[in-house]
file protein13.txt (compact mmCIF, C-alpha atoms and all ligand atoms)
# COMPACT_ATOMS: atom_id res chain seq x y z
CA MET A 116 1.71 12.65 -6.95
CA ARG A 117 -1.85 11.60 -6.27
CA LEU A 118 -3.01 8.64 -4.23
CA VAL A 119 -6.60 7.32 -4.06
CA ILE A 120 -7.89 4.58 -1.75
CA LEU A 121 -9.81 2.10 -3.92
CA TYR A 122 -10.46 -0.66 -1.40
CA ASP A 123 -10.60 -0.56 2.39
CA ASN A 124 -12.44 -2.07 5.37
CA VAL A 125 -14.20 1.29 5.80
CA GLY A 126 -16.22 3.08 3.12
CA GLN A 127 -19.46 5.05 2.81
CA PRO A 128 -21.93 5.04 -0.11
CA PRO A 129 -21.59 5.43 -3.06
CA PHE A 130 -18.49 3.33 -2.35
CA ARG A 131 -18.50 -0.24 -1.09
CA GLU A 132 -16.37 -1.30 1.85
CA GLY A 133 -14.87 -4.74 2.36
CA TRP A 134 -12.03 -6.48 4.16
CA GLY A 135 -9.00 -5.82 1.95
CA PHE A 136 -6.81 -3.05 0.57
CA SER A 137 -5.93 -1.37 -2.72
CA VAL A 138 -4.52 2.04 -3.63
CA LEU A 139 -4.06 3.78 -6.99
CA ILE A 140 -1.03 6.06 -7.26
CA THR A 141 -0.29 8.49 -10.08
CA HIS A 142 3.30 9.70 -10.02
CA GLY A 143 4.66 11.51 -13.11
CA GLU A 144 4.34 9.11 -16.04
CA ARG A 145 3.73 6.13 -13.76
CA LYS A 146 0.32 4.82 -12.73
CA ILE A 147 0.76 2.20 -10.04
CA LEU A 148 -1.82 -0.09 -8.48
CA PHE A 149 -0.81 -1.15 -4.97
CA ASP A 150 -2.60 -4.46 -4.17
CA THR A 151 -6.01 -5.41 -5.57
CA GLY A 152 -8.42 -5.92 -2.65
CA ALA A 153 -10.30 -9.15 -1.91
CA ASP A 154 -13.28 -9.06 -4.26
CA ARG A 155 -13.15 -8.05 -7.92
CA LEU A 156 -16.75 -6.80 -7.85
CA ILE A 157 -16.06 -4.36 -5.02
CA LEU A 158 -12.86 -3.17 -6.74
CA ALA A 159 -14.76 -2.66 -10.01
CA HIS A 160 -17.62 -0.84 -8.25
CA ASN A 161 -15.29 1.57 -6.43
CA LEU A 162 -13.22 2.31 -9.55
CA GLN A 163 -16.42 3.09 -11.44
CA SER A 164 -17.77 5.30 -8.63
CA LEU A 165 -14.50 7.25 -8.66
CA GLY A 166 -14.54 7.57 -12.47
CA LEU A 167 -11.20 5.74 -12.70
CA ASP A 168 -10.02 2.89 -14.87
CA LEU A 169 -6.90 0.76 -15.08
CA SER A 170 -6.33 0.56 -18.84
CA ASP A 171 -3.23 2.79 -18.72
CA LEU A 172 -1.71 1.20 -15.62
CA THR A 173 2.11 1.01 -15.86
CA ASP A 174 2.91 -0.87 -12.64
CA LEU A 175 1.27 -3.39 -10.35
CA PHE A 176 2.88 -3.58 -6.91
CA LEU A 177 1.87 -6.56 -4.75
CA SER A 178 2.74 -6.31 -1.07
CA HIS A 179 2.21 -9.92 0.07
CA PRO A 180 0.33 -13.07 -0.95
CA HIS A 181 -2.84 -12.80 1.18
CA CYS A 182 -6.23 -13.13 -0.53
CA ASP A 183 -7.52 -9.77 0.76
CA HIS A 184 -4.76 -8.14 -1.35
CA MET A 185 -4.81 -10.51 -4.34
CA GLY A 186 -8.53 -11.18 -4.89
CA GLY A 187 -8.91 -8.50 -7.59
CA LEU A 188 -5.86 -9.69 -9.54
CA SER A 189 -7.84 -11.42 -12.31
CA TYR A 190 -9.94 -8.26 -12.79
CA VAL A 191 -6.79 -6.14 -13.11
CA LEU A 192 -5.00 -8.52 -15.50
CA GLU A 193 -8.07 -8.59 -17.78
CA ARG A 194 -7.94 -4.83 -18.17
CA ILE A 195 -4.31 -4.05 -18.85
CA LYS A 196 -2.23 -4.47 -21.98
CA ARG A 197 1.26 -4.36 -20.61
CA VAL A 198 2.49 -3.83 -17.09
CA ARG A 199 5.46 -4.18 -14.80
CA ILE A 200 4.72 -6.35 -11.77
CA TRP A 201 6.71 -5.94 -8.55
CA ALA A 202 6.07 -8.88 -6.24
CA PRO A 203 7.70 -10.18 -3.06
CA GLU A 204 9.70 -13.40 -2.88
CA GLY A 205 7.63 -16.57 -3.05
CA MET A 206 5.01 -15.31 -5.54
CA ALA A 207 6.72 -16.06 -8.87
CA ARG A 208 4.97 -19.36 -9.64
CA TYR A 209 1.53 -18.14 -8.60
CA LEU A 210 1.84 -15.07 -10.80
CA ARG A 211 3.34 -16.79 -13.86
CA GLN A 212 0.28 -19.08 -14.00
CA ARG A 213 -2.08 -16.11 -14.00
CA MET A 214 -0.40 -13.61 -16.31
CA LYS A 215 -0.15 -15.70 -19.47
CA LYS A 216 -2.33 -13.43 -21.61
CA VAL A 217 -0.79 -10.17 -20.38
CA LYS A 218 2.46 -8.63 -21.56
CA ALA A 219 3.85 -8.36 -18.09
CA GLU A 220 7.38 -7.97 -16.90
CA LEU A 221 7.60 -9.84 -13.61
CA ASN A 222 10.10 -8.55 -11.06
CA ILE A 223 10.53 -10.53 -7.86
CA ILE A 224 11.84 -8.32 -5.06
CA SER A 225 13.95 -9.50 -2.15
CA GLU A 226 16.36 -6.66 -1.31
CA PRO A 227 15.46 -2.93 -1.10
CA THR A 228 15.09 -1.85 -4.75
CA ASP A 229 14.97 1.39 -6.76
CA LEU A 230 11.91 1.06 -9.04
CA GLY A 231 12.73 4.26 -10.95
CA ASP A 232 11.18 7.77 -10.95
CA GLY A 233 11.41 8.14 -7.18
CA LEU A 234 9.72 4.82 -6.37
CA PHE A 235 11.35 2.26 -4.07
CA SER A 236 10.55 -1.09 -2.49
CA THR A 237 11.55 -1.68 1.12
CA GLY A 238 12.54 -5.19 0.00
CA THR A 239 10.78 -8.31 1.26
CA MET A 240 10.68 -8.25 5.07
CA GLY A 241 9.34 -10.37 7.94
CA ARG A 242 9.76 -13.94 9.11
CA THR A 243 6.27 -15.43 8.98
CA VAL A 244 4.56 -13.40 6.25
CA ARG A 245 6.98 -12.05 3.64
CA GLU A 246 5.91 -8.53 2.69
CA GLN A 247 7.27 -5.46 0.89
CA GLY A 248 6.25 -1.80 1.24
CA LEU A 249 6.23 0.86 -1.49
CA ILE A 250 7.98 4.21 -1.00
CA VAL A 251 7.15 7.23 -3.17
CA LYS A 252 9.44 10.25 -2.93
CA THR A 253 7.69 13.63 -3.02
CA LYS A 254 8.91 17.20 -2.43
CA GLU A 255 7.61 16.99 1.13
CA GLY A 256 9.39 13.72 1.91
CA GLY A 257 8.82 10.02 1.39
CA VAL A 258 5.44 8.33 1.60
CA LEU A 259 5.44 4.68 2.69
CA ILE A 260 2.48 2.48 1.70
CA THR A 261 1.96 -0.82 3.53
CA GLY A 262 -0.48 -3.66 2.76
CA CYS A 263 -0.87 -5.27 6.19
CA ALA A 264 2.55 -4.38 7.66
CA HIS A 265 2.94 -7.94 8.99
CA PRO A 266 6.71 -7.37 9.54
CA GLY A 267 5.75 -4.47 11.90
CA VAL A 268 4.87 -1.00 10.65
CA ASP A 269 7.64 0.53 12.81
CA PHE A 270 10.29 -1.76 11.28
CA MET A 271 9.04 -1.08 7.76
CA ALA A 272 8.96 2.69 8.37
CA GLU A 273 12.48 2.66 9.82
CA ARG A 274 13.81 0.80 6.81
CA ALA A 275 12.02 3.20 4.43
CA ARG A 276 13.46 6.23 6.24
CA ASN A 277 16.98 4.77 6.11
CA LEU A 278 16.58 3.95 2.44
CA ILE A 279 15.66 7.47 1.33
CA GLY A 280 17.84 9.12 4.00
CA SER A 281 15.22 11.47 5.49
CA ARG A 282 12.16 11.46 7.72
CA LEU A 283 8.98 10.25 6.00
CA SER A 284 6.03 12.59 5.53
CA LEU A 285 3.42 9.81 5.77
CA VAL A 286 3.00 6.11 6.47
CA LEU A 287 -0.28 4.87 4.96
CA GLY A 288 -2.00 1.49 4.83
CA GLY A 289 -2.93 -1.53 6.90
CA PHE A 290 -0.95 -1.66 10.17
CA HIS A 291 -2.24 -5.05 11.41
CA LEU A 292 -2.52 -4.07 15.08
CA GLU A 293 -5.92 -5.40 16.17
CA GLY A 294 -5.73 -6.88 19.69
CA VAL A 295 -2.18 -5.61 20.31
CA SER A 296 -1.43 -4.56 23.92
CA LYS A 297 -1.40 -0.88 24.98
CA ASN A 298 2.26 -1.23 25.95
CA ARG A 299 3.27 -2.43 22.50
CA LEU A 300 1.24 0.43 20.99
CA LYS A 301 3.02 2.98 23.20
CA VAL A 302 6.40 1.63 22.09
CA LEU A 303 5.23 1.70 18.48
CA VAL A 304 4.15 5.35 18.71
CA SER A 305 7.47 6.34 20.31
CA ARG A 306 9.36 4.58 17.53
CA LEU A 307 7.23 6.06 14.72
CA GLY A 308 7.51 9.65 16.00
CA PRO A 309 11.12 10.24 14.82
CA VAL A 310 10.48 8.36 11.56
CA THR A 311 7.31 9.93 10.14
CA GLU A 312 5.35 13.14 10.36
CA ALA A 313 1.91 11.59 9.83
CA LEU A 314 0.04 8.29 9.83
CA ALA A 315 -2.92 7.16 7.71
CA PRO A 316 -4.10 3.88 9.26
CA GLY A 317 -6.58 1.74 7.34
CA HIS A 318 -7.55 -1.83 6.44
CA CYS A 319 -6.48 -4.22 9.25
CA THR A 320 -5.34 -1.55 11.75
CA GLY A 321 -8.54 -1.99 13.80
CA ARG A 322 -10.96 0.65 15.05
CA GLU A 323 -9.74 0.78 18.66
CA VAL A 324 -6.12 1.01 17.59
CA THR A 325 -6.97 3.77 15.12
CA GLU A 326 -8.64 5.69 17.97
CA PHE A 327 -5.55 5.13 20.13
CA LEU A 328 -3.29 6.43 17.35
CA CYS A 329 -5.49 9.50 16.84
CA ALA A 330 -5.18 10.30 20.55
CA SER A 331 -1.44 9.68 20.89
CA PHE A 332 0.17 10.66 17.56
CA PRO A 333 0.18 14.30 16.40
CA ASN A 334 -1.05 13.83 12.85
CA VAL A 335 -3.39 10.95 11.97
CA VAL A 336 -5.78 10.61 9.01
CA PRO A 337 -7.90 7.40 9.18
CA LEU A 338 -8.50 5.85 5.76
CA THR A 339 -11.76 5.23 3.97
CA VAL A 340 -12.58 4.27 0.37
CA GLY A 341 -12.28 7.29 -1.94
CA LYS A 342 -9.89 9.21 0.33
CA THR A 343 -7.41 11.11 -1.87
CA PHE A 344 -4.00 12.58 -1.05
CA SER A 345 -1.93 14.88 -3.31
CA TRP A 346 1.66 16.07 -3.12
CA GLU A 347 3.92 18.14 -5.32
CA GLU A 348 6.23 15.94 -7.30
CA ASN A 349 9.94 15.82 -6.73
CA THR A 350 11.26 16.86 -10.14
ZN ZN B 401 -4.66 -7.60 4.66
ZN ZN B 402 -2.01 -9.85 5.23

call {"tool": "encode", "arguments": {"input": "protein13.txt", "output": "structure tokens"}}
result
Amino acid sequence: MRLVILYDNVGQPPFREGWGFSVLITHGERKILFDTGADRLILAHNLQSLGLDLSDLTDLFLSHPHCDHMGGLSYVLERIKRVRIWAPEGMARYLRQRMKKVKAELNIISEPTDLGDGLFSTGTMGRTVREQGLIVKTKEGGVLITGCAHPGVDFMAERARNLIGSRLSLVLGGFHLEGVSKNRLKVLVSRLGPVTEALAPGHCTGREVTEFLCASFPNVVPLTVGKTFSWEENT
């Protein structure tokens, strides 16, 4: 299993940074794009700089309907022939209008769902912003990927752990914690400790919060465009 950050708030040349998030995951026969970033030109530039393309994409996983995760959608749909889309509740109409020319199978997710081949959705969570997280099972444990984690990264991680029945090896993505109080952060860290071995904060986590996490959690890898993670697959 290989995971590459395509779009993030932080990136150094030759990559371009921008507010938004997108990750490309290769897992066995599946090639999954998690979210699409905010700007199709930045997404295209970073894919090109990484020598990657989306023509053989099998799955498009959309975490939640915010423009910094959906902005590259038109770019993606222009490049793929057929794809399975996994989207949270509330996005069906929006997507049906945009995927007319693509042979896409649209799956709207509400409950926790087995997506096949060791991939799972946490199910749509949260009261204000409805969001789902993607779980990939590897030999070293589950990896949870979050878009913004609006429902709370600790709640999403707990659900992911319960779903696969073991501690996660990594929680990666936007944690949406900018401006959150130190007390809430301390509670968050104490809740994440039993649930995951490592954290990879990116996107909307915020610089100060990322520094706090680095100082208070044992294993933290801040994200940047182009960052790549690999695991042995669970076969
Ligand atoms: Zn976001
Ligand atoms: Zn968001």

call {"tool": "residues_around", "arguments": {"input": "protein13.txt", "residues": "Arg117 of chain A", "least_positions_apart": "4", "cutoff": "9 Å", "atoms": "only C-alpha atoms", "output": "list of chain:residue names"}}
result
A:Leu139, A:Ile140, A:Thr141, A:His142, A:Thr343, A:Phe344, A:Ser345, A:Trp346, A:Glu347

call {"tool": "closest_atom_pairs", "arguments": {"input": "protein13.txt", "of": "chain A", "to": "ligand ZN 402 (chain B)", "cutoff": "12 Å", "atoms": "all atoms listed in the file", "output": "JSON lines"}}
result
{"residue": "A:Trp134", "atom": "CA", "partner": "B:ZN402", "partner_atom": "ZN", "distance": 10.6}
{"residue": "A:Gly135", "atom": "CA", "partner": "B:ZN402", "partner_atom": "ZN", "distance": 8.7}
{"residue": "A:Phe136", "atom": "CA", "partner": "B:ZN402", "partner_atom": "ZN", "distance": 9.5}
{"residue": "A:Asp150", "atom": "CA", "partner": "B:ZN402", "partner_atom": "ZN", "distance": 10.9}
{"residue": "A:Gly152", "atom": "CA", "partner": "B:ZN402", "partner_atom": "ZN", "distance": 10.9}
{"residue": "A:Ala153", "atom": "CA", "partner": "B:ZN402", "partner_atom": "ZN", "distance": 11.0}
{"residue": "A:Leu177", "atom": "CA", "partner": "B:ZN402", "partner_atom": "ZN", "distance": 11.2}
{"residue": "A:Ser178", "atom": "CA", "partner": "B:ZN402", "partner_atom": "ZN", "distance": 8.6}
{"residue": "A:His179", "atom": "CA", "partner": "B:ZN402", "partner_atom": "ZN", "distance": 6.7}
{"residue": "A:Pro180", "atom": "CA", "partner": "B:ZN402", "partner_atom": "ZN", "distance": 7.4}
{"residue": "A:His181", "atom": "CA", "partner": "B:ZN402", "partner_atom": "ZN", "distance": 5.1}
{"residue": "A:Cys182", "atom": "CA", "partner": "B:ZN402", "partner_atom": "ZN", "distance": 7.9}
{"residue": "A:Asp183", "atom": "CA", "partner": "B:ZN402", "partner_atom": "ZN", "distance": 7.1}
{"residue": "A:His184", "atom": "CA", "partner": "B:ZN402", "partner_atom": "ZN", "distance": 7.3}
{"residue": "A:Met185", "atom": "CA", "partner": "B:ZN402", "partner_atom": "ZN", "distance": 10.0}
{"residue": "A:Gly241", "atom": "CA", "partner": "B:ZN402", "partner_atom": "ZN", "distance": 11.7}
{"residue": "A:Thr243", "atom": "CA", "partner": "B:ZN402", "partner_atom": "ZN", "distance": 10.7}
{"residue": "A:Val244", "atom": "CA", "partner": "B:ZN402", "partner_atom": "ZN", "distance": 7.5}
{"residue": "A:Arg245", "atom": "CA", "partner": "B:ZN402", "partner_atom": "ZN", "distance": 9.4}
{"residue": "A:Glu246", "atom": "CA", "partner": "B:ZN402", "partner_atom": "ZN", "distance": 8.4}
{"residue": "A:Gln247", "atom": "CA", "partner": "B:ZN402", "partner_atom": "ZN", "distance": 11.1}
{"residue": "A:Thr261", "atom": "CA", "partner": "B:ZN402", "partner_atom": "ZN", "distance": 10.0}
{"residue": "A:Gly262", "atom": "CA", "partner": "B:ZN402", "partner_atom": "ZN", "distance": 6.8}
{"residue": "A:Cys263", "atom": "CA", "partner": "B:ZN402", "partner_atom": "ZN", "distance": 4.8}
{"residue": "A:Ala264", "atom": "CA", "partner": "B:ZN402", "partner_atom": "ZN", "distance": 7.5}
{"residue": "A:His265", "atom": "CA", "partner": "B:ZN402", "partner_atom": "ZN", "distance": 6.5}
{"residue": "A:Pro266", "atom": "CA", "partner": "B:ZN402", "partner_atom": "ZN", "distance": 10.0}
{"residue": "A:Gly267", "atom": "CA", "partner": "B:ZN402", "partner_atom": "ZN", "distance": 11.6}
{"residue": "A:Gly288", "atom": "CA", "partner": "B:ZN402", "partner_atom": "ZN", "distance": 11.3}
{"residue": "A:Gly289", "atom": "CA", "partner": "B:ZN402", "partner_atom": "ZN", "distance": 8.5}
{"residue": "A:Phe290", "atom": "CA", "partner": "B:ZN402", "partner_atom": "ZN", "distance": 9.6}
{"residue": "A:His291", "atom": "CA", "partner": "B:ZN402", "partner_atom": "ZN", "distance": 7.8}
{"residue": "A:Leu292", "atom": "CA", "partner": "B:ZN402", "partner_atom": "ZN", "distance": 11.4}
{"residue": "A:His318", "atom": "CA", "partner": "B:ZN402", "partner_atom": "ZN", "distance": 9.8}
{"residue": "A:Cys319", "atom": "CA", "partner": "B:ZN402", "partner_atom": "ZN", "distance": 8.2}
{"residue": "A:Thr320", "atom": "CA", "partner": "B:ZN402", "partner_atom": "ZN", "distance": 11.1}

call {"tool": "write_last_selection", "arguments": {"input": "protein13.txt", "atoms": "C-alpha atoms", "output": "PDB file, in the frame of the given file"}}
result
ATOM      1  CA  TRP A 134     -12.030  -6.480   4.160  1.00  0.00           C
ATOM      2  CA  GLY A 135      -9.000  -5.820   1.950  1.00  0.00           C
ATOM      3  CA  PHE A 136      -6.810  -3.050   0.570  1.00  0.00           C
ATOM      4  CA  ASP A 150      -2.600  -4.460  -4.170  1.00  0.00           C
ATOM      5  CA  GLY A 152      -8.420  -5.920  -2.650  1.00  0.00           C
ATOM      6  CA  ALA A 153     -10.300  -9.150  -1.910  1.00  0.00           C
ATOM      7  CA  LEU A 177       1.870  -6.560  -4.750  1.00  0.00           C
ATOM      8  CA  SER A 178       2.740  -6.310  -1.070  1.00  0.00           C
ATOM      9  CA  HIS A 179       2.210  -9.920   0.070  1.00  0.00           C
ATOM     10  CA  PRO A 180       0.330 -13.070  -0.950  1.00  0.00           C
ATOM     11  CA  HIS A 181      -2.840 -12.800   1.180  1.00  0.00           C
ATOM     12  CA  CYS A 182      -6.230 -13.130  -0.530  1.00  0.00           C
ATOM     13  CA  ASP A 183      -7.520  -9.770   0.760  1.00  0.00           C
ATOM     14  CA  HIS A 184      -4.760  -8.140  -1.350  1.00  0.00           C
ATOM     15  CA  MET A 185      -4.810 -10.510  -4.340  1.00  0.00           C
ATOM     16  CA  GLY A 241       9.340 -10.370   7.940  1.00  0.00           C
ATOM     17  CA  THR A 243       6.270 -15.430   8.980  1.00  0.00           C
ATOM     18  CA  VAL A 244       4.560 -13.400   6.250  1.00  0.00           C
ATOM     19  CA  ARG A 245       6.980 -12.050   3.640  1.00  0.00           C
ATOM     20  CA  GLU A 246       5.910  -8.530   2.690  1.00  0.00           C
ATOM     21  CA  GLN A 247       7.270  -5.460   0.890  1.00  0.00           C
ATOM     22  CA  THR A 261       1.960  -0.820   3.530  1.00  0.00           C
ATOM     23  CA  GLY A 262      -0.480  -3.660   2.760  1.00  0.00           C
ATOM     24  CA  CYS A 263      -0.870  -5.270   6.190  1.00  0.00           C
ATOM     25  CA  ALA A 264       2.550  -4.380   7.660  1.00  0.00           C
ATOM     26  CA  HIS A 265       2.940  -7.940   8.990  1.00  0.00           C
ATOM     27  CA  PRO A 266       6.710  -7.370   9.540  1.00  0.00           C
ATOM     28  CA  GLY A 267       5.750  -4.470  11.900  1.00  0.00           C
ATOM     29  CA  GLY A 288      -2.000   1.490   4.830  1.00  0.00           C
ATOM     30  CA  GLY A 289      -2.930  -1.530   6.900  1.00  0.00           C
ATOM     31  CA  PHE A 290      -0.950  -1.660  10.170  1.00  0.00           C
ATOM     32  CA  HIS A 291      -2.240  -5.050  11.410  1.00  0.00           C
ATOM     33  CA  LEU A 292      -2.520  -4.070  15.080  1.00  0.00           C
ATOM     34  CA  HIS A 318      -7.550  -1.830   6.440  1.00  0.00           C
ATOM     35  CA  CYS A 319      -6.480  -4.220   9.250  1.00  0.00           C
ATOM     36  CA  THR A 320      -5.340  -1.550  11.750  1.00  0.00           C
TER      37      THR A 320
END

call {"tool": "residues_around", "arguments": {"input": "protein13.txt", "residues": "Glu312 of chain A", "least_positions_apart": "3", "cutoff": "12 Å", "atoms": "all atoms listed in the file", "output": "ChimeraX atom specification"}}
result
/A:255-259,272,276,281-287,304,306-309,315,332-336

call {"tool": "closest_residue", "arguments": {"input": "protein13.txt", "among": "A:Asn222, A:Gln127, A:Ser189, A:Gln212", "to": "Ser236 of chain A", "atoms": "only C-alpha atoms"}}
result
A:Asn222

call {"tool": "atom_distance", "arguments": {"input": "protein13.txt", "atom1": "atom CA of Ile250 of chain A", "atom2": "atom CA of Thr237 of chain A"}}
result
7.2 Å

call {"tool": "closest_residue", "arguments": {"input": "protein13.txt", "among": "A:Glu220, A:Glu204, A:Asp269, A:Asp171", "to": "Thr239 of chain A", "atoms": "all atoms listed in the file"}}
result
A:Glu204

call {"tool": "axis_aligned_box", "arguments": {"input": "protein13.txt", "around": "segment 209-213 of chain A", "padding_each_side": "3 Å", "output": "AutoDock Vina command-line options"}}
result
--center_x 0.6 --center_y -17.1 --center_z -11.3 --size_x 11.4 --size_y 10.0 --size_z 11.4

call {"tool": "atom_distance", "arguments": {"input": "protein13.txt", "atom1": "atom CA of Pro316 of chain A", "atom2": "atom CA of Trp201 of chain A"}}
result
23.0 Å

call {"tool": "closest_residue", "arguments": {"input": "protein13.txt", "among": "A:Ser296, A:Leu158, A:Leu221, A:Phe130", "to": "Tyr209 of chain A", "atoms": "all atoms listed in the file"}}
result
A:Leu221

call {"tool": "closest_residue", "arguments": {"input": "protein13.txt", "among": "A:Ile195, A:Val268, A:Ala330, A:Ile279", "to": "Leu303 of chain A", "atoms": "all atoms listed in the file"}}
result
A:Val268

call {"tool": "closest_residue", "arguments": {"input": "protein13.txt", "among": "A:Gly317, A:Leu118, A:Gly280, A:His160", "to": "ligand ZN 401 (chain B)", "atoms": "all atoms listed in the file"}}
result
A:Gly317

call {"tool": "closest_residue", "arguments": {"input": "protein13.txt", "among": "A:Ile120, A:Gly186, A:Gly205, A:Gly294", "to": "ligand ZN 401 (chain B)", "atoms": "only C-alpha atoms and all ligand atoms"}}
result
A:Gly186

call {"tool": "atom_distance", "arguments": {"input": "protein13.txt", "atom1": "atom CA of Ala202 of chain A", "atom2": "atom CA of Ile260 of chain A"}}
result
14.3 Å
